[in-house]
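First the structure, in the form of structure tokens, and then the observations on it.
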Amino acid sequence: MKSLKKVLYSQKAAPYVFVLPFLLSFMFFWIYPLFSTVKMSFQSILPGQVEWIGLENYQKLLKDRVFHLAIKNSFTYMFWTLVLLIPFPMIYACIMDGKLVKAKGLFKALLYLPALTSVVVAGTMFRLMFAEMETSQMNQIVQWLGFGPIKWLKGKYTGMFALLLVACWRWTGVNMLYYLSGLKNIDNSLYESAEIDGASGFKKFLYIQLPLLKPTTIYVLTISIYAGLAMFLESFMLWNGNASPNNIGLTIVGYLYRRGIEKNQLGYASAVGLVLLAIALFINIIQLIWNGTFKKEER
């Protein structure tokens with residue numbers, strides 16, 4: 001017992017003791033499921049029947065048109081979330097960090113509030129907003145503009161618009177807070193020097209804030225790529241299930257859910273999940289290399 005205490009209280013063993021809970025949870029909840037998924041992707045798994053089929057699941061994916069549509073939908077959603085949820089939150093953060101905005105704490109709380117709202121509640125709320133009835137909020141707006149009611153959730157483009165509106169409502173405040181924290185790390189002497197040189201607010205943003213916010217932008221870009229590709233629950237709640245008209249709201253994770261849970265084809269679903277992981281890793285590694293994240297710092 002004394003020898004055990006001696007080991008635990010030693011300076012050499014202490015770091016490993018503190019890290020051990022994380023390592024155990026990481027191995028149990030990430031490494032083990034990953035290897036199990038890789039194994040299952042080469043199998044045909046039915047109730048009470050497991051058969052090794054090699055690359056057959058992946059060969060089916062190459063010819064699966066519904067899977068290709070799910071990839072297209074996920075990429076479209078990811079692209080537009082990057083376009084909307086990186087530059088605009090950055091601009092809002094720069095405005096919020098300025099001297100003209102009052103009650104900054106109140107605005108931060110209000111903008112972060114949607115992220116605390118349950119996706120189930122938010123999805124139900126937006127489904128009612130985009131309902132086909134003339135009295136729904138969105139149809140009232142378009143009628144006020146002089147147009148007729150729209151079947152929002154039955155059209156390809158209007159359905160994507162609804163998904164993107166949910167994403168912007170939910171995550172604009174979160175990304176803005178990331179950028180606000182990045183702005184706090186910028187030395188005030190840079191602003192003072194710029195003011196002495198007569199720089200306008202736009203030039204301060206262009207030559208000081210934008211370059212120095214690059215690490216924050218890379219972080220937001222990285223998590224946004226994965227979040228865009230892995231989106232599922234928003235679509236599921238918006239269409240009240242995983243069966244949107246003509247699969248206009250079907251995502252890669254939605255297709256994984258359809259195959260693995262609804263049709264009980266766990267082997268095929270595992271292959272879908274690994275393809276999603278490979279795509280997300282590939283895109284993020286490419287953008288991290290392109291942004292110079294892996295370059296060695298010069299001494």
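By order in the structure tokens, chains are A, B, ...; within a chain, residues start at 1; ligands start at 1, following the order shown.
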
Write out as a list of chain:residue names each polymer residue whose atoms come within 9 Å of Leu61 (chain A), counting only C-alpha atoms; drop sequence neighbours fewer than 5 positions from it.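 Here the answer would be A:Glu56, A:Phe67, A:His68, A:Tyr268, A:Ala271, A:Val272.
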
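Those residues that approach region 197-209 of chain A to within 9 Å, counting only C-alpha atoms, are Ile91, Cys94, Leu183, Ile186, Leu190, Tyr191, Glu192 and Lys214 of chain A; same-chain residues fewer than 5 positions away are not listed.
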
For region 147-163 of chain A: contacts at 12 Å, only C-alpha atoms, fewer than 4 positions along chain excluded, given as a compact mmCIF listing (two decimals) with C-alpha atoms, in the first residue's frame:
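And here is the file that came out, selection_18.txt:
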```
# COMPACT_ATOMS: atom_id res chain seq x y z
CA LEU A 69 -27.56 12.38 -53.42
CA LYS A 72 -24.40 16.16 -52.62
CA ASN A 73 -26.90 17.50 -50.07
CA SER A 74 -24.31 17.40 -47.27
CA PHE A 75 -21.69 19.17 -49.40
CA THR A 76 -24.19 21.84 -50.45
CA TYR A 77 -25.20 22.42 -46.85
CA MET A 78 -21.55 22.50 -45.70
CA PHE A 79 -20.55 24.96 -48.44
CA TRP A 80 -23.28 27.46 -47.63
CA THR A 81 -22.73 27.21 -43.87
CA LEU A 84 -22.62 32.31 -44.08
CA ALA A 122 -35.83 24.48 -32.61
CA GLY A 123 -36.60 22.02 -35.43
CA MET A 125 -40.49 25.59 -34.24
CA PHE A 126 -38.98 26.06 -37.70
CA ARG A 127 -41.14 23.28 -39.16
CA LEU A 128 -44.21 25.23 -38.08
CA MET A 129 -42.71 28.45 -39.46
CA PHE A 130 -42.19 26.83 -42.88
CA ALA A 131 -45.54 25.03 -42.98
CA GLU A 132 -47.63 25.08 -46.18
CA MET A 133 -50.53 26.93 -44.56
CA GLU A 134 -51.14 30.53 -45.55
CA THR A 135 -51.04 31.49 -41.88
CA SER A 136 -47.50 30.17 -41.31
CA GLN A 137 -44.92 32.86 -40.53
CA MET A 138 -42.86 32.48 -43.70
CA ASN A 139 -45.91 32.42 -45.98
CA GLN A 140 -47.24 35.52 -44.27
CA ILE A 141 -43.97 37.27 -45.08
CA VAL A 142 -44.00 36.27 -48.77
CA GLN A 143 -47.68 37.24 -49.07
CA ALA A 167 -28.05 26.83 -38.98
CA CYS A 168 -27.61 30.62 -39.05
CA TRP A 169 -30.10 31.14 -36.23
CA ARG A 170 -28.39 28.49 -34.12
CA GLY A 228 -21.76 20.62 -42.01
CA MET A 231 -25.60 17.42 -39.81
CA PHE A 232 -28.60 15.16 -39.18
CA LEU A 233 -30.93 16.14 -36.35
CA GLU A 234 -31.88 19.52 -37.83
CA SER A 235 -33.01 17.83 -41.04
CA PHE A 236 -34.74 15.04 -39.13
CA MET A 237 -36.78 17.49 -37.05
CA LEU A 238 -37.50 19.92 -39.89
CA TRP A 239 -39.13 17.16 -41.98
CA ASN A 240 -40.49 15.34 -38.92
CA ALA A 243 -38.11 10.76 -45.26
CA SER A 244 -38.10 14.19 -46.90
CA PRO A 245 -39.79 14.58 -50.33
CA ASN A 246 -37.49 13.18 -53.04
CA ASN A 247 -34.76 13.00 -50.33
CA ILE A 248 -34.14 16.75 -50.58
CA GLY A 249 -33.17 16.84 -46.89
CA LEU A 250 -31.28 13.54 -46.75
CA THR A 251 -27.72 13.87 -45.45
```

Distance CA of Gln43 (chain A)-CA of Leu274 (chain A), one decimal place?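 Separation between CA of Gln43 (chain A) and CA of Leu274 (chain A): 13.5 Å.
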